[in-house]
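K.L.:
Okay, so here is input-v7.txt, and as you'll see once you scroll down, it has compact mmCIF, C-alpha atoms.
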# COMPACT_ATOMS: atom_id res chain seq x y z
CA MET A 101 136.45 -212.29 101.20
CA CYS A 102 138.22 -210.86 98.15
CA ARG A 103 135.97 -209.79 95.28
CA ALA A 104 136.96 -210.16 91.60
CA GLN A 105 136.42 -206.49 90.80
CA ASP A 106 138.94 -205.49 93.47
CA ALA A 107 141.70 -207.66 92.04
CA PRO A 108 144.62 -205.71 90.50
CA VAL A 109 144.93 -205.68 86.70
CA PRO A 110 147.86 -207.83 85.55
CA ALA A 111 150.80 -205.92 84.09
CA GLN A 112 150.65 -207.83 80.82
CA SER A 113 146.96 -206.93 80.42
CA ALA A 114 147.68 -203.22 80.82
CA ALA A 115 150.48 -203.41 78.27
CA ALA A 116 148.13 -205.08 75.81
CA LEU A 117 145.73 -202.12 75.77
CA PRO A 118 145.83 -200.24 72.42
CA ALA A 119 147.66 -196.91 72.46
CA GLN A 120 145.47 -193.86 72.18
CA PRO A 121 146.06 -191.83 69.01
CA SER A 122 147.79 -188.53 69.57
CA THR A 123 145.86 -185.48 68.44
CA GLN A 124 148.84 -183.13 68.74
CA LYS A 125 150.04 -181.74 65.42
CA THR A 126 153.68 -181.43 64.55
CA LYS A 127 155.10 -177.93 64.43
CA TRP A 128 155.27 -177.66 60.65
CA GLN A 129 152.35 -179.93 59.77
CA HIS A 130 150.19 -178.67 56.90
CA GLN A 131 146.93 -177.36 58.33
CA TYR A 132 145.87 -174.45 56.08
CA ARG A 133 143.88 -175.49 53.00
CA TYR A 134 143.76 -172.04 51.35
CA TYR A 135 146.58 -169.65 50.54
CA ALA A 136 147.21 -166.31 48.85
CA GLY A 137 150.39 -164.53 47.91
CA ALA A 138 152.21 -161.80 46.03
CA GLN A 139 155.50 -161.77 44.17
CA ALA A 140 157.75 -159.24 42.52
CA ALA A 141 157.81 -160.86 39.09
CA ALA A 142 158.49 -160.42 35.37
CA GLN A 143 157.23 -162.69 32.58
CA LEU A 144 158.30 -162.57 28.93
CA TYR A 145 155.92 -163.71 26.16
CA ARG A 146 156.05 -163.85 22.38
CA VAL A 147 152.87 -162.37 20.86
CA VAL A 148 151.46 -161.92 17.37
CA ASN A 149 148.72 -159.53 16.35
CA THR A 150 146.93 -158.47 13.18
CA GLY A 151 148.69 -155.61 11.46
CA TYR A 152 152.19 -155.92 12.88
CA SER A 153 154.97 -158.43 13.29
CA VAL A 154 155.87 -160.67 16.22
CA GLN A 155 156.62 -158.72 19.39
CA GLU A 156 157.73 -159.46 22.92
CA ALA A 157 155.49 -158.63 25.84
CA ILE A 158 157.00 -158.21 29.31
CA VAL A 159 154.41 -158.38 32.09
CA LYS A 160 155.57 -156.95 35.43
CA PRO A 161 156.10 -156.05 38.29
CA LEU A 162 153.45 -157.64 40.56
CA TYR A 163 152.08 -161.19 40.49
CA LEU A 164 149.05 -161.94 42.70
CA PHE A 165 147.78 -165.48 43.23
CA ALA A 166 145.50 -167.63 45.37
CA GLY A 167 145.20 -171.39 45.72
CA TYR A 168 143.61 -174.38 47.38
CA GLN A 169 145.43 -177.41 48.81
CA LEU A 170 143.72 -180.50 47.34
CA THR A 171 146.01 -182.93 49.20
CA PRO A 172 149.18 -182.45 51.27
CA HIS A 173 151.18 -182.89 48.03
CA LEU A 174 148.91 -181.25 45.43
CA ALA A 175 147.43 -177.75 45.14
CA VAL A 176 145.72 -175.74 42.41
CA GLN A 177 146.16 -171.98 42.05
CA ALA A 178 145.27 -169.06 39.78
CA GLY A 179 147.19 -165.83 39.36
CA PHE A 180 147.02 -162.37 37.78
CA LEU A 181 149.58 -159.97 36.31
CA HIS A 182 149.02 -156.73 34.41
CA SER A 183 151.26 -154.09 32.90
CA THR A 184 151.06 -151.15 30.49
CA LEU A 185 154.11 -150.33 28.38
CA VAL A 186 154.19 -146.97 26.59
CA GLU A 187 156.41 -147.45 23.53
CA SER A 188 156.47 -143.82 22.47
CA GLU A 189 154.70 -140.64 23.39
CA GLY A 190 155.51 -137.17 22.19
CA ASN A 191 154.59 -133.86 20.63
CA TYR A 192 157.02 -131.91 18.51
CA THR A 193 157.12 -129.43 15.63
CA TYR A 194 159.65 -128.44 12.99
CA THR A 195 159.82 -126.48 9.73
CA ASN A 196 160.24 -128.32 6.46
CA GLN A 197 162.07 -127.21 3.30
CA ALA A 198 158.92 -125.50 2.03
CA ASN A 199 158.93 -123.34 5.16
CA GLN A 200 155.81 -125.08 6.48
CA GLN A 201 155.36 -126.02 10.09
CA VAL A 202 155.09 -129.77 10.64
CA ALA A 203 153.57 -131.00 13.92
CA TYR A 204 153.48 -134.52 15.29
CA ALA A 205 151.41 -135.80 18.19
CA GLY A 206 151.21 -139.45 19.02
CA LYS A 207 151.22 -142.27 21.51
CA ARG A 208 151.84 -146.02 21.20
CA GLU A 209 151.30 -148.47 24.03
CA MET A 210 150.93 -152.16 24.81
CA LEU A 211 148.66 -153.52 27.52
CA ASP A 212 149.14 -157.08 28.75
CA THR A 213 147.26 -159.19 31.27
CA ALA A 214 148.43 -162.72 32.11
CA VAL A 215 146.24 -165.26 33.92
CA PRO A 216 148.15 -168.43 34.92
CA VAL A 217 146.23 -171.47 36.22
CA LEU A 218 148.68 -174.00 37.67
CA LEU A 219 148.93 -177.25 39.57
CA ARG A 220 151.56 -177.23 42.34
CA PHE A 221 153.06 -180.61 43.29
CA ARG A 222 155.30 -180.99 46.37
CA LEU A 223 158.50 -182.87 45.43
CA ALA A 224 159.14 -184.37 48.86
CA TRP A 225 158.30 -187.57 50.69
CA LYS A 226 157.02 -185.51 53.62
CA PRO A 227 155.14 -182.38 52.54
CA THR A 228 155.65 -180.77 55.97
CA HIS A 229 159.34 -179.97 55.50
CA ARG A 230 160.30 -176.39 56.24
CA VAL A 231 162.43 -176.14 53.09
CA TYR A 232 160.78 -177.63 50.01
CA LEU A 233 160.61 -177.72 46.21
CA ASP A 234 157.39 -177.66 44.15
CA ALA A 235 156.82 -178.51 40.48
CA LEU A 236 154.45 -176.21 38.56
CA LEU A 237 152.40 -177.23 35.52
CA GLY A 238 149.41 -175.68 33.80
CA SER A 239 148.53 -172.98 31.30
CA THR A 240 148.59 -169.20 30.99
CA LEU A 241 146.15 -167.05 29.03
CA LEU A 242 147.65 -163.76 27.85
CA PHE A 243 145.42 -160.84 26.83
CA HIS A 244 147.49 -158.50 24.66
CA ARG A 245 146.43 -155.11 23.28
CA TYR A 246 148.39 -152.83 20.97
CA ARG A 247 147.09 -149.26 20.62
CA ALA A 248 148.29 -146.25 18.66
CA ASP A 249 147.05 -142.74 17.99
CA GLU A 250 149.31 -140.56 15.79
CA THR A 251 148.60 -137.36 13.90
CA VAL A 252 150.86 -135.41 11.53
CA THR A 253 149.85 -131.91 10.38
CA VAL A 254 151.57 -129.76 7.77
CA GLY A 255 150.78 -126.07 7.68
CA GLY A 256 147.82 -126.65 9.99
CA GLN A 257 146.33 -129.35 7.74
CA VAL A 258 146.14 -133.01 8.80
CA GLN A 259 148.30 -135.04 6.44
CA ASN A 260 148.28 -138.38 8.22
CA HIS A 261 146.26 -139.82 11.08
CA VAL A 262 146.63 -143.34 12.51
CA ASN A 263 144.29 -144.64 15.17
CA TYR A 264 144.00 -148.35 15.87
CA ASP A 265 143.30 -150.70 18.73
CA LEU A 266 144.37 -154.32 18.11
CA PRO A 267 143.45 -156.86 20.81
CA THR A 268 144.53 -160.49 20.77
CA ARG A 269 145.02 -163.38 23.16
CA HIS A 270 147.35 -166.36 23.31
CA LEU A 271 147.41 -169.59 25.31
CA TYR A 272 150.73 -170.92 26.66
CA ILE A 273 151.63 -174.21 28.27
CA THR A 274 153.40 -173.29 31.52
CA GLY A 275 155.84 -175.27 33.66
CA GLY A 276 158.43 -174.48 36.28
CA LEU A 277 159.89 -174.94 39.74
CA SER A 278 159.22 -173.16 43.02
CA ALA A 279 161.60 -173.26 45.99
CA GLY A 280 160.06 -172.39 49.34
CA PHE A 281 161.05 -171.69 52.92
CA ARG A 282 158.48 -171.75 55.74
CA ILE A 283 159.19 -168.73 57.93
CA VAL A 284 156.37 -169.47 60.39
CA PRO A 285 153.52 -172.01 60.07
CA ARG A 286 151.33 -169.61 58.06
CA LEU A 287 153.95 -167.71 56.04
CA ASP A 288 156.32 -168.96 53.31
CA PHE A 289 158.96 -167.27 51.18
CA LEU A 290 159.01 -168.42 47.53
CA VAL A 291 161.39 -168.11 44.58
CA GLU A 292 159.97 -169.32 41.26
CA ALA A 293 161.12 -169.84 37.67
CA THR A 294 158.70 -170.71 34.85
CA GLY A 295 158.84 -171.34 31.12
CA PHE A 296 156.15 -170.81 28.46
CA ARG A 297 155.39 -172.42 25.10
CA GLY A 298 152.66 -171.06 22.86
CA VAL A 299 149.92 -173.41 21.75
CA GLU A 300 149.61 -171.70 18.34
CA LYS A 301 152.35 -172.49 15.83
CA TYR A 302 153.34 -168.88 15.26
CA SER A 303 153.83 -168.26 19.00
CA SER A 304 155.86 -171.35 19.89
CA GLY A 305 159.18 -170.56 18.25
CA GLY A 306 161.48 -167.59 18.38
CA PRO A 307 163.07 -166.22 21.55
CA LYS A 308 162.86 -167.99 24.88
CA GLN A 309 159.77 -167.25 26.93
CA PHE A 310 160.18 -167.39 30.69
CA GLY A 311 159.26 -165.84 34.01
CA LEU A 312 160.95 -165.15 37.35
CA GLY A 313 159.45 -164.17 40.68
CA ALA A 314 160.07 -163.92 44.41
CA GLY A 315 157.62 -163.18 47.19
CA LEU A 316 155.47 -164.39 50.08
CA ARG A 317 152.61 -166.84 50.49
CA TYR A 318 150.16 -166.81 53.43
CA GLY A 319 148.11 -169.86 54.45
CA PHE A 320 144.69 -169.80 56.11
CA ASP A 321 141.61 -171.97 56.71
CA LEU A 322 138.05 -170.85 56.01
CA SER A 323 136.40 -173.60 58.05
CA LYS A 324 134.57 -172.61 61.23
CA PRO A 325 136.25 -173.56 64.51
CA SER A 326 134.64 -176.53 66.22
CA SER A 327 132.65 -175.78 69.39
Transcribe the structure of this file into structure tokens.
P.N.:
Amino acid sequence: MCRAQDAPVPAQSAAALPAQPSTQKTKWQHQYRYYAGAQAAAQLYRVVNTGYSVQEAIVKPLYLFAGYQLTPHLAVQAGFLHSTLVESEGNYTYTNQANQQVAYAGKREMLDTAVPVLLRFRLAWKPTHRVYLDALLGSTLLFHRYRADETVTVGGQVQNHVNYDLPTRHLYITGGLSAGFRIVPRLDFLVEATGFRGVEKYSSGGPKQFGLGAGLRYGFDLSKPSS
């Protein structure tokens, strides 16, 4: 006697079973929520400080940044650049018409630190493409410092001494584009171009303010592996 549980399953019933979801990830699928990188970069800013006229600050040569992927299309990142530019430095002596020895010793320098905080939006229908383009938008805070120490002596007597330290800071709206190429799943090569516009009226006009950079970005995940 044939029992019901031994009867073969009809072909149409087997075909009607729901397909099991595949857990295999595609080769270039985004899977690293955190990233860090470094670029060879230069950024040009227009700055104003108390005691001297408008100047240009060039911050280079290294741009360090780290970010977090909020969604496959959107990330937030913060960066850091610092440079010290020595405008003049020297010590020299000469004899004036009164046959007195004149000596000069001085140093002028500018110190700049830029801190960009940006949103990065993937301009692609599928964010897993190996070649991609990102839009950048956010703000940059620039810490600028102008220092000078100059002394002029005539016949061994100090005739003029200048010593000042003038710090200031400016906020810039920042936007740009970043082209990327995924070398391996964790490592990308980036080329970026950005533009800056000062929030204050006196820092928004004048020469163009922009930045260029090229470097690498490395992705990783801080979550613990599942057991």
K.L.:
Quote the spacing between CA of Ala138 (chain A) and CA of Ala166 (chain A) in Å to one decimal place.
P.N.:
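Between these atoms lies a distance of 8.9 Å.
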K.L.:
May I ask which of the residues A:Ser183, A:Ser188, A:Gln169, A:Thr193 is the closest one to Gln143 (chain A), counting all atoms listed in the file?
P.N.:
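Using all atoms listed in the file, Gln143 (chain A) sits closest to A:Ser183.
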K.L.:
With distances taken over all atoms listed in the file, which of A:Gly275, A:Gly190, A:Gly298, A:Gly206 is nearest to Leu242 (chain A)?
P.N.:
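Of A:Gly275, A:Gly190, A:Gly298, A:Gly206, the one nearest Leu242 (chain A), counting all atoms listed in the file, is A:Gly298.
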K.L.:
Which protein, DNA or RNA residues are at most 9 Å from (147.8, -151.4, 24.8) in the file's coordinates when you count all atoms listed in the file, listed as an MDAnalysis selection string?
P.N.:
chainID A and resid 184:186 208:212 244:248 265:267
K.L.:
Those residues you just picked out, can you put them in a file as a PDB file, in the coordinates of the input with C-alpha atoms?
P.N.:
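Contents of the output file part.pdb:
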ATOM      1  CA  THR A 184     151.060-151.150  30.490  1.00  0.00           C
ATOM      2  CA  LEU A 185     154.110-150.330  28.380  1.00  0.00           C
ATOM      3  CA  VAL A 186     154.190-146.970  26.590  1.00  0.00           C
ATOM      4  CA  ARG A 208     151.840-146.020  21.200  1.00  0.00           C
ATOM      5  CA  GLU A 209     151.300-148.470  24.030  1.00  0.00           C
ATOM      6  CA  MET A 210     150.930-152.160  24.810  1.00  0.00           C
ATOM      7  CA  LEU A 211     148.660-153.520  27.520  1.00  0.00           C
ATOM      8  CA  ASP A 212     149.140-157.080  28.750  1.00  0.00           C
ATOM      9  CA  HIS A 244     147.490-158.500  24.660  1.00  0.00           C
ATOM     10  CA  ARG A 245     146.430-155.110  23.280  1.00  0.00           C
ATOM     11  CA  TYR A 246     148.390-152.830  20.970  1.00  0.00           C
ATOM     12  CA  ARG A 247     147.090-149.260  20.620  1.00  0.00           C
ATOM     13  CA  ALA A 248     148.290-146.250  18.660  1.00  0.00           C
ATOM     14  CA  ASP A 265     143.300-150.700  18.730  1.00  0.00           C
ATOM     15  CA  LEU A 266     144.370-154.320  18.110  1.00  0.00           C
ATOM     16  CA  PRO A 267     143.450-156.860  20.810  1.00  0.00           C
TER      17      PRO A 267
END
K.L.:
Expressed in Å to a single decimal, how great is the separation between CA of Gly311 (chain A) and CA of His270 (chain A)?
P.N.:
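Distance between the two atoms: 16.0 Å.
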K.L.:
Separation of CA of Phe310 (chain A) and CA of His173 (chain A), in Å?
P.N.:
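Distance reported for this atom pair: 24.9 Å.
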K.L.:
Find, counting all atoms listed in the file, the residue in A:Ile158, A:Lys207, A:Val217, A:Thr240 that gets nearest to Tyr264 (chain A).
P.N.:
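Nearest candidate to Tyr264 (chain A) out of A:Ile158, A:Lys207, A:Val217, A:Thr240: A:Lys207.
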K.L.:
Quick one: of A:Gly313, A:Pro285, A:Pro161, A:Gly167, who's nearest to Tyr135 (chain A), counting all atoms listed in the file?
P.N.:
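Closest residue, counting all atoms listed in the file: A:Gly167.
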K.L.:
Excluding same-chain residues fewer than 2 positions from region 317-321 of chain A, what lies within 10 Å of it counting all atoms listed in the file, as a ChimeraX atom specification?
P.N.:
/A:130-139,164-169,280,282,284-290,315,323-325
K.L.:
Could you check the closest approach to Val291 (chain A) for each of A:Thr274, A:Thr195, A:Ala140, A:Ala214 and tell me which residue wins, using all atoms listed in the file?
P.N.:
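Between A:Thr274, A:Thr195, A:Ala140, A:Ala214, the residue approaching Val291 (chain A) most closely is A:Ala140.
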K.L.:
Looking at all atoms listed in the file, which of A:Val176, A:Val258, A:Val148, A:Ala203 is the one that sits closest to Asp234 (chain A)?
P.N.:
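Comparing A:Val176, A:Val258, A:Val148, A:Ala203 against Asp234 (chain A), the winner is A:Val176.
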